[in-house]
>>> print(open('run-v5.cif').read())   # mmCIF, C-alpha atoms
data_protein
loop_
_atom_site.label_atom_id
_atom_site.label_comp_id
_atom_site.auth_asym_id
_atom_site.auth_seq_id
_atom_site.Cartn_x
_atom_site.Cartn_y
_atom_site.Cartn_z
CA MET A 794 265.09 16.99 39.48
CA ASP A 795 268.83 16.70 39.02
CA GLU A 796 271.06 13.94 40.28
CA ARG A 797 272.00 15.99 43.31
CA ASP A 798 268.45 15.84 44.66
CA LEU A 799 268.71 12.06 44.87
CA ARG A 800 271.74 12.23 47.13
CA LEU A 801 271.08 11.84 50.84
CA ASP A 802 273.38 10.82 53.66
CA GLY A 803 273.89 7.93 56.01
CA ASN A 804 271.52 9.43 58.57
CA ALA A 805 268.61 8.31 56.43
CA ALA A 806 269.87 4.71 56.51
CA ALA A 807 270.17 4.72 60.31
CA GLY A 808 266.87 2.95 60.95
CA ALA A 809 267.57 0.05 58.61
CA LEU A 810 271.17 -0.27 59.83
CA GLN A 811 270.08 -0.25 63.46
CA GLU A 812 267.51 -2.96 62.80
CA LEU A 813 270.11 -5.03 60.98
CA PHE A 814 273.03 -4.68 63.40
CA GLY A 815 271.16 -4.15 66.65
CA PHE A 816 273.03 -0.98 67.60
CA GLU A 817 273.30 2.60 66.41
CA VAL A 818 275.67 2.40 63.46
CA THR A 819 275.75 5.96 62.05
CA ALA A 820 278.01 7.32 64.80
CA ALA A 821 280.54 4.53 64.12
CA ARG A 822 283.44 5.47 61.88
CA GLY A 823 284.17 3.52 58.75
CA ARG A 824 287.38 3.42 56.73
CA CYS A 825 286.86 3.42 52.98
CA ASP A 826 288.50 0.45 51.28
CA GLY A 827 288.99 2.59 48.19
CA CYS A 828 290.79 5.69 49.45
CA GLY A 829 291.33 5.07 53.16
CA ALA A 830 289.29 8.06 54.32
CA VAL A 831 287.72 7.64 57.75
CA GLY A 832 284.40 9.16 58.75
CA PRO A 833 281.08 8.52 60.45
CA ILE A 834 278.64 6.25 58.62
CA GLY A 835 276.04 9.04 59.02
CA ALA A 836 278.14 11.27 56.77
CA LEU A 837 278.40 8.80 53.88
CA VAL A 838 276.55 9.65 50.69
CA LEU A 839 273.37 7.63 50.37
CA TYR A 840 271.40 6.76 47.25
CA MET A 841 267.99 5.29 47.95
CA HIS A 842 266.38 5.28 44.51
CA ALA A 843 267.98 1.97 43.58
CA PRO A 844 266.25 -1.16 44.87
CA GLY A 845 267.78 -0.89 48.32
CA MET A 846 270.37 1.50 49.67
CA VAL A 847 273.84 2.29 48.39
CA LEU A 848 276.23 4.17 50.68
CA ARG A 849 279.27 5.72 49.07
CA CYS A 850 282.44 7.32 50.40
CA ALA A 851 282.02 11.11 50.66
CA HIS A 852 285.60 11.58 49.45
CA CYS A 853 286.15 9.16 46.55
CA ASP A 854 282.59 7.96 45.82
CA ALA A 855 283.52 4.27 46.17
CA VAL A 856 280.65 2.00 47.21
CA MET A 857 281.02 1.16 50.92
CA ILE A 858 277.71 -0.48 51.85
CA ARG A 859 274.93 -2.03 49.80
CA LEU A 860 271.78 -2.99 51.68
CA VAL A 861 268.58 -4.54 50.38
CA GLU A 862 265.58 -5.24 52.56
CA ALA A 863 263.86 -8.35 51.18
CA PRO A 864 260.59 -9.87 52.44
CA ASP A 865 262.56 -12.68 54.12
CA GLY A 866 265.35 -10.53 55.57
CA TYR A 867 268.33 -8.46 54.48
CA ARG A 868 271.14 -8.77 51.95
CA VAL A 869 274.13 -6.67 52.86
CA ASP A 870 277.49 -6.12 51.18
CA LEU A 871 280.15 -4.45 53.32
CA ARG A 872 283.15 -5.05 51.07
CA GLY A 873 283.81 -1.33 50.73
CA ILE A 874 284.49 -0.90 54.46
CA ARG A 875 288.02 -1.85 55.43
CA CYS A 876 287.44 -1.23 59.10
CA LEU A 877 284.59 -0.09 61.32
CA GLU A 878 285.42 1.73 64.57
CA ILE A 879 282.69 1.39 67.16
CA THR A 880 283.19 3.40 70.34
CA GLY A 881 281.07 4.45 73.30
CA MET B 470 249.32 23.96 61.97
CA GLU B 471 252.62 25.86 61.83
CA THR B 472 251.90 27.25 58.33
CA GLY B 473 249.45 26.36 55.54
CA SER B 474 251.47 23.26 54.67
CA VAL B 475 253.36 22.42 57.86
CA ARG B 476 251.88 20.71 60.90
CA SER B 477 253.33 19.62 64.20
CA LEU B 478 252.04 16.37 65.69
CA ARG B 479 252.57 15.29 69.27
CA LEU B 480 252.86 11.51 69.55
CA ASP B 481 252.35 9.68 72.80
CA VAL B 482 254.71 6.72 72.36
CA ARG B 483 254.36 3.86 74.79
CA ASP B 484 257.67 2.82 76.35
CA TRP B 485 259.54 5.65 74.60
CA PRO B 486 263.14 5.30 75.82
CA GLY B 487 263.89 9.02 75.40
CA HIS B 488 265.81 10.60 72.58
CA LEU B 489 268.77 12.82 71.82
CA ALA B 490 268.38 16.20 70.15
CA GLY B 491 268.73 15.69 66.40
CA GLN B 492 267.46 12.11 66.20
CA HIS B 493 264.61 11.01 63.94
CA VAL B 494 261.96 8.32 63.70
CA ASP B 495 260.98 6.11 60.79
CA LEU B 496 257.24 6.24 60.37
CA ARG B 497 255.37 3.56 58.45
CA LEU B 498 251.89 3.74 56.98
CA THR B 499 250.10 0.62 55.75
CA ALA B 500 247.18 0.91 53.32
CA GLU B 501 244.18 -1.44 53.49
CA ASP B 502 245.63 -3.47 50.60
CA GLY B 503 248.87 -3.96 52.52
CA TYR B 504 250.93 -1.40 50.57
CA GLN B 505 253.47 0.20 52.87
CA ALA B 506 255.25 3.52 52.71
CA GLN B 507 257.98 4.53 55.14
CA ARG B 508 259.54 7.94 55.71
CA SER B 509 261.96 9.43 58.21
CA TYR B 510 260.93 12.46 60.23
CA SER B 511 263.13 14.46 62.54
CA ILE B 512 262.00 14.87 66.13
CA ALA B 513 261.17 18.53 66.81
CA SER B 514 260.87 18.28 70.57
CA GLY B 515 263.71 18.34 73.03
CA PRO B 516 264.60 15.35 75.20
CA GLU B 517 263.06 17.17 78.19
CA ASP B 518 259.70 17.81 76.48
CA ASP B 519 256.57 15.69 76.92
CA GLY B 520 255.83 13.35 74.06
CA VAL B 521 257.50 13.13 70.70
CA VAL B 522 256.74 16.05 68.42
CA LEU B 523 257.16 15.70 64.67
CA THR B 524 256.89 18.71 62.38
CA VAL B 525 255.82 17.57 58.93
CA GLU B 526 255.73 19.54 55.69
CA ARG B 527 253.14 18.50 53.12
CA LEU B 528 254.67 17.49 49.79
CA ASP B 529 251.83 17.48 47.32
CA ASP B 530 253.12 14.39 45.52
CA GLY B 531 254.16 12.70 48.76
CA GLU B 532 252.76 9.37 49.89
CA VAL B 533 252.97 9.98 53.62
CA SER B 534 253.13 13.69 54.37
CA PRO B 535 249.66 14.65 52.98
CA TYR B 536 248.12 12.07 55.32
CA LEU B 537 250.05 13.38 58.32
CA VAL B 538 249.34 17.04 57.59
CA ASP B 539 245.71 16.83 56.47
CA GLU B 540 244.12 13.63 57.69
CA VAL B 541 245.54 12.20 60.87
CA ARG B 542 243.35 12.98 63.90
CA PRO B 543 243.93 12.98 67.65
CA GLY B 544 243.71 9.39 68.87
CA ASP B 545 244.86 7.79 65.60
CA ARG B 546 247.59 5.18 65.92
CA ILE B 547 250.80 5.35 63.89
CA GLU B 548 253.56 2.76 63.53
CA LEU B 549 257.03 4.10 64.13
CA ARG B 550 260.58 2.94 64.73
CA GLY B 551 262.98 5.00 66.79
CA PRO B 552 264.62 6.99 68.12
CA ILE B 553 267.19 6.65 65.35
CA GLY B 554 270.59 8.18 64.65
CA GLY B 555 273.73 8.97 66.56
CA TYR B 556 275.72 11.17 64.19
CA PHE B 557 273.52 14.21 63.68
CA VAL B 558 272.89 14.77 67.39
CA TRP B 559 273.98 17.45 69.81
CA GLN B 560 274.80 16.75 73.44
CA ALA B 561 276.14 19.27 75.94
CA GLY B 562 279.45 17.42 76.18
CA ASP B 563 280.10 18.05 72.48
CA GLY B 564 281.18 21.59 73.34
CA GLY B 565 280.77 24.71 71.33
CA PRO B 566 280.15 27.36 70.31
CA VAL B 567 277.41 25.77 68.23
CA MET B 568 276.45 27.00 64.77
CA LEU B 569 273.10 25.79 63.47
CA LEU B 570 272.22 26.27 59.80
CA SER B 571 268.90 25.27 58.27
CA GLY B 572 267.33 25.35 54.84
CA GLY B 573 263.52 25.28 55.04
CA SER B 574 262.15 22.51 57.20
CA GLY B 575 265.71 21.42 57.91
CA ILE B 576 265.20 23.55 61.00
CA VAL B 577 263.23 20.73 62.68
CA PRO B 578 266.11 18.73 64.24
CA LEU B 579 267.90 22.00 65.05
CA ARG B 580 264.83 23.13 66.97
CA ALA B 581 265.17 20.01 69.14
CA MET B 582 268.78 21.04 69.80
CA ILE B 583 267.71 24.57 70.68
CA ARG B 584 265.08 23.29 73.12
CA HIS B 585 267.61 20.94 74.68
CA TRP B 586 270.10 23.80 74.94
CA ALA B 587 267.49 26.02 76.64
CA ALA B 588 266.48 23.24 79.04
CA LEU B 589 270.12 22.87 80.06
CA GLY B 590 270.32 26.59 80.78
CA GLY B 591 272.36 27.52 77.73
CA PRO B 592 275.71 25.81 78.44
CA VAL B 593 277.47 27.12 75.29
CA PRO B 594 276.75 30.00 72.91
CA VAL B 595 274.49 29.04 70.00
CA ARG B 596 273.79 30.81 66.73
CA LEU B 597 271.13 29.89 64.21
CA LEU B 598 271.10 30.88 60.55
CA ALA B 599 267.73 29.90 59.09
CA SER B 600 267.03 30.18 55.38
CA TRP B 601 263.43 30.45 54.17
CA ARG B 602 261.92 31.24 50.81
CA SER B 603 259.57 33.82 52.29
CA PRO B 604 258.31 34.87 55.74
CA VAL B 605 255.12 32.79 55.43
CA ASP B 606 257.22 29.62 55.21
CA ALA B 607 259.05 30.25 58.46
CA ILE B 608 258.17 28.11 61.49
CA TYR B 609 259.01 28.33 65.21
CA THR B 610 259.56 32.06 64.76
CA ALA B 611 257.92 33.19 68.01
CA GLU B 612 259.99 30.74 70.03
CA ILE B 613 263.22 31.64 68.26
CA ASP B 614 262.60 35.38 68.58
CA ARG B 615 261.86 34.99 72.28
CA LEU B 616 265.08 33.05 72.93
CA ALA B 617 267.14 35.47 70.87
CA ALA B 618 265.67 38.45 72.73
CA ALA B 619 266.48 36.89 76.08
CA GLY B 620 270.18 37.44 75.45
CA ASP B 621 271.26 34.24 77.19
CA GLY B 622 273.73 33.18 74.54
CA PHE B 623 271.35 32.40 71.69
CA GLY B 624 271.40 34.44 68.51
CA ALA B 625 269.35 34.00 65.37
CA VAL B 626 269.65 35.34 61.84
CA THR B 627 267.13 34.76 59.07
CA THR B 628 267.75 34.95 55.35
CA LEU B 629 264.92 35.10 52.82
CA THR B 630 265.65 33.71 49.37
CA ARG B 631 262.56 34.67 47.36
CA SER B 632 260.40 37.40 48.79
CA ARG B 633 260.87 39.76 51.65
CA PRO B 634 258.54 42.17 53.37
CA PRO B 635 259.06 45.92 53.09
CA GLY B 636 261.62 47.12 55.59
CA TRP B 637 263.17 43.65 56.02
CA ALA B 638 266.35 44.06 58.03
CA GLY B 639 267.58 40.47 57.94
CA GLU B 640 269.73 38.72 55.37
CA VAL B 641 268.62 38.28 51.78
CA GLY B 642 269.35 35.52 49.29
CA ARG B 643 270.93 32.11 49.46
CA VAL B 644 273.62 31.40 52.02
CA THR B 645 276.98 32.36 50.50
CA PRO B 646 280.53 32.13 51.84
CA GLU B 647 280.38 35.91 52.38
CA MET B 648 277.20 35.60 54.44
CA LEU B 649 278.77 32.79 56.48
CA ALA B 650 281.84 34.91 57.13
CA ARG B 651 279.55 37.65 58.48
CA VAL B 652 277.10 35.53 60.46
CA ALA B 653 278.80 32.29 61.56
CA TRP B 654 281.16 31.88 64.51
CA PRO B 655 284.77 32.54 63.52
CA ALA B 656 286.62 29.31 62.79
CA ASP B 657 289.28 29.99 65.42
CA GLN B 658 286.66 29.41 68.12
CA ARG B 659 286.46 25.76 66.95
CA PRO B 660 282.71 25.84 66.48
CA LEU B 661 280.61 22.73 66.10
CA ALA B 662 278.23 23.14 63.15
CA PHE B 663 275.00 21.33 62.29
CA VAL B 664 273.67 21.82 58.77
CA CYS B 665 270.26 20.44 57.76
CA GLY B 666 268.20 21.04 54.65
CA PRO B 667 267.82 20.01 51.04
CA THR B 668 270.92 18.38 49.54
CA GLY B 669 271.98 21.45 47.55
CA PHE B 670 271.73 23.70 50.60
CA VAL B 671 273.65 21.31 52.83
CA GLU B 672 276.49 20.78 50.37
CA ALA B 673 276.89 24.49 49.61
CA VAL B 674 276.81 25.50 53.28
CA ALA B 675 279.07 22.70 54.50
CA SER B 676 281.73 23.47 51.92
CA GLY B 677 281.38 27.20 52.69
CA LEU B 678 282.07 26.50 56.37
CA VAL B 679 285.12 24.38 55.57
CA GLU B 680 286.31 27.19 53.30
CA LEU B 681 286.03 29.52 56.31
CA GLY B 682 288.33 27.22 58.21
CA TYR B 683 285.82 25.04 60.07
CA GLU B 684 287.15 21.56 60.78
CA ALA B 685 285.35 19.17 58.44
CA ALA B 686 284.87 16.68 61.27
CA ARG B 687 283.02 19.37 63.27
CA VAL B 688 280.57 20.11 60.48
CA ARG B 689 277.77 17.56 60.81
CA THR B 690 275.24 17.37 58.04
CA GLU B 691 271.80 15.94 57.39
CA ARG B 692 270.34 16.08 53.90
CA PHE B 693 266.76 15.43 53.03
CA GLY B 694 265.46 14.67 49.61
CA PRO B 695 262.18 14.61 47.71
CA THR B 696 261.33 11.07 48.83
CA GLY B 697 262.63 8.60 51.32
CA GLY B 698 264.65 11.06 53.31
CA PRO B 699 263.53 12.85 56.45
CA ASP B 700 260.93 14.71 54.41
CA GLY B 701 258.25 12.86 52.52
#
>>> encode(input="run-v5.cif", output="structure tokens")
Amino acid sequence: MDERDLRLDGNAAAGALQELFGFEVTAARGRCDGCGAVGPIGALVLYMHAPGMVLRCAHCDAVMIRLVEAPDGYRVDLRGIRCLEITG
Amino acid sequence: METGSVRSLRLDVRDWPGHLAGQHVDLRLTAEDGYQAQRSYSIASGPEDDGVVLTVERLDDGEVSPYLVDEVRPGDRIELRGPIGGYFVWQAGDGGPVMLLSGGSGIVPLRAMIRHWAALGGPVPVRLLASWRSPVDAIYTAEIDRLAAAGDGFGAVTTLTRSRPPGWAGEVGRVTPEMLARVAWPADQRPLAFVCGPTGFVEAVASGLVELGYEAARVRTERFGPTGGPDG
């Protein structure tokens, strides 16, 4: 298996994100703090083989979201998102 | 069973709120010792259909799919979370024409979109390009052929990447930019594209569509991987 096979997208994180935030997050648009690109969370590049989930910008590969589901709850790092646009 | 390794399951979910075409569920199995495995599966049924249908492909080294394909029986109870997702969904208001492109079992969420489209009476033209290794791997073929033959705005093209029967008149080989230029809606019609399949397929097809002039924001993608993604 090459590295490419391990790459998914934000759709696969939708369940965990919805449980965490209480609404459907993948249709929301996030602005990357690294390069400023704006796009839906569902289109971010997702790596799930780490302990937890890492979502990276599809344009510059900067880390936008880190999410770990622990027995007692979640740890989430959103530093890589400069702005989240939630509409509808 | 859809094929020797693919099975569709109809789930009767209490208090199901309804779903959008393209959404998935997270399904969790718990072993007797408490070990849990969770996988995402796309919903194969349209919003108008009864129950929630999942189409599952057995991965021989999978933790969840062999159970779902070979062992689960009518009446068994399964824990699931959903419906999930709001990005890889098609709704009539999204406009068209719609271009659907699938690699292998990536056709599952697109099939939900096709059923939704048919239930709505075919509001926009839809084309499907489905890639399979060989004809025995293909699923939903009777339904797709019937809709394509009806001539109500739905067209379907199949490409076979490994083996093809004698006299095969469809496309052959992996999806290339040249094939897309021949088969996909022209970019000047501002198509909305949905691409679902293994990561390599999705990335090659999505960049091929953008090369053709498709707007990147109107090319929606869903990748699945060997584990953890909507395919395990």
>>> residues_around(input="run-v5.cif", residues="B:Leu537", least_positions_apart="2", cutoff="12 Å", atoms="all atoms listed in the file", output="PyMOL selection string")
chain B and resi 470+474-480+496-498+508+510+523-529+531-535+539-543+545-547+700-701
>>> resolve_selection(input="run-v5.cif", expression="the PyMOL selection byres ((chain B and resi 679-682) around 8)", output="mmCIF file with C-alpha atoms, in the coordinates of the input")
data_model
loop_
_atom_site.group_PDB
_atom_site.id
_atom_site.type_symbol
_atom_site.label_atom_id
_atom_site.label_comp_id
_atom_site.auth_asym_id
_atom_site.auth_seq_id
_atom_site.Cartn_x
_atom_site.Cartn_y
_atom_site.Cartn_z
ATOM 1 C CA PRO B 646 280.530 32.130 51.840
ATOM 2 C CA LEU B 649 278.770 32.790 56.480
ATOM 3 C CA ALA B 650 281.840 34.910 57.130
ATOM 4 C CA PRO B 655 284.770 32.540 63.520
ATOM 5 C CA ALA B 656 286.620 29.310 62.790
ATOM 6 C CA ASP B 657 289.280 29.990 65.420
ATOM 7 C CA ALA B 675 279.070 22.700 54.500
ATOM 8 C CA SER B 676 281.730 23.470 51.920
ATOM 9 C CA GLY B 677 281.380 27.200 52.690
ATOM 10 C CA LEU B 678 282.070 26.500 56.370
ATOM 11 C CA TYR B 683 285.820 25.040 60.070
ATOM 12 C CA GLU B 684 287.150 21.560 60.780
ATOM 13 C CA ALA B 685 285.350 19.170 58.440
ATOM 14 C CA VAL B 688 280.570 20.110 60.480
#
>>> atom_distance(input="run-v5.cif", atom1="atom CA of B:Gly591", atom2="atom CA of B:Pro660")
15.4 Å
>>> interface_residues(input="run-v5.cif", of="chain B", to="chain A", cutoff="7 Å", atoms="all atoms listed in the file", output="list in words")
Asp495, Ser509, Ile553, Gly554, Gly555, Tyr556, Thr668, Gly669, Thr690, Glu691, Arg692, Phe693, Gly694, Gly698 and Pro699 of chain B
>>> atom_distance(input="run-v5.cif", atom1="atom CA of B:Arg689", atom2="atom CA of B:Ala619")
27.1 Å
>>> atom_distance(input="run-v5.cif", atom1="atom CA of B:Ser603", atom2="atom CA of B:Leu570")
16.5 Å
>>> decode(input="run-v5.cif", residues="stretch 831-881 of chain A", atoms="C-alpha atoms", output="compact mmCIF listing (two decimals), in the first residue's frame")
# COMPACT_ATOMS: atom_id res chain seq x y z
CA VAL A 831 -11.32 28.35 1.40
CA GLY A 832 -13.21 25.11 0.90
CA PRO A 833 -15.68 22.70 2.45
CA ILE A 834 -14.46 20.66 5.42
CA GLY A 835 -15.64 17.55 3.53
CA ALA A 836 -13.03 18.21 0.86
CA LEU A 837 -10.06 18.44 3.25
CA VAL A 838 -7.50 15.66 3.11
CA LEU A 839 -7.93 13.25 6.01
CA TYR A 840 -5.40 10.90 7.55
CA MET A 841 -6.90 8.39 9.96
CA HIS A 842 -4.00 6.03 10.58
CA ALA A 843 -2.54 8.25 13.28
CA PRO A 844 -4.10 7.94 16.74
CA GLY A 845 -7.03 10.16 15.89
CA MET A 846 -7.77 12.16 12.78
CA VAL A 847 -5.67 14.78 11.03
CA LEU A 848 -7.33 17.01 8.43
CA ARG A 849 -5.05 18.91 6.10
CA CYS A 850 -5.59 21.68 3.57
CA ALA A 851 -6.11 20.22 0.08
CA HIS A 852 -4.04 23.05 -1.40
CA CYS A 853 -0.99 23.53 0.84
CA ASP A 854 -1.16 20.43 3.09
CA ALA A 855 -1.09 22.48 6.31
CA VAL A 856 -2.74 20.80 9.30
CA MET A 857 -6.18 22.37 9.84
CA ILE A 858 -7.87 20.06 12.37
CA ARG A 859 -6.56 17.44 14.77
CA LEU A 860 -9.14 15.34 16.56
CA VAL A 861 -8.65 12.53 19.05
CA GLU A 862 -11.51 10.56 20.54
CA ALA A 863 -10.49 9.55 24.07
CA PRO A 864 -12.49 7.34 26.46
CA ASP A 865 -13.47 10.43 28.48
CA GLY A 866 -14.24 12.73 25.53
CA TYR A 867 -12.50 14.55 22.70
CA ARG A 868 -9.31 16.56 22.25
CA VAL A 869 -9.51 18.91 19.30
CA ASP A 870 -7.04 21.38 17.84
CA LEU A 871 -8.48 23.89 15.36
CA ARG A 872 -5.50 26.23 15.12
CA GLY A 873 -5.17 25.62 11.39
CA ILE A 874 -8.61 27.10 10.63
CA ARG A 875 -8.58 30.87 10.43
CA CYS A 876 -12.30 31.11 9.88
CA LEU A 877 -15.24 28.74 9.57
CA GLU A 878 -18.23 29.80 7.46
CA ILE A 879 -21.43 28.07 8.51
CA THR A 880 -24.45 28.76 6.32
CA GLY A 881 -27.91 27.27 5.84
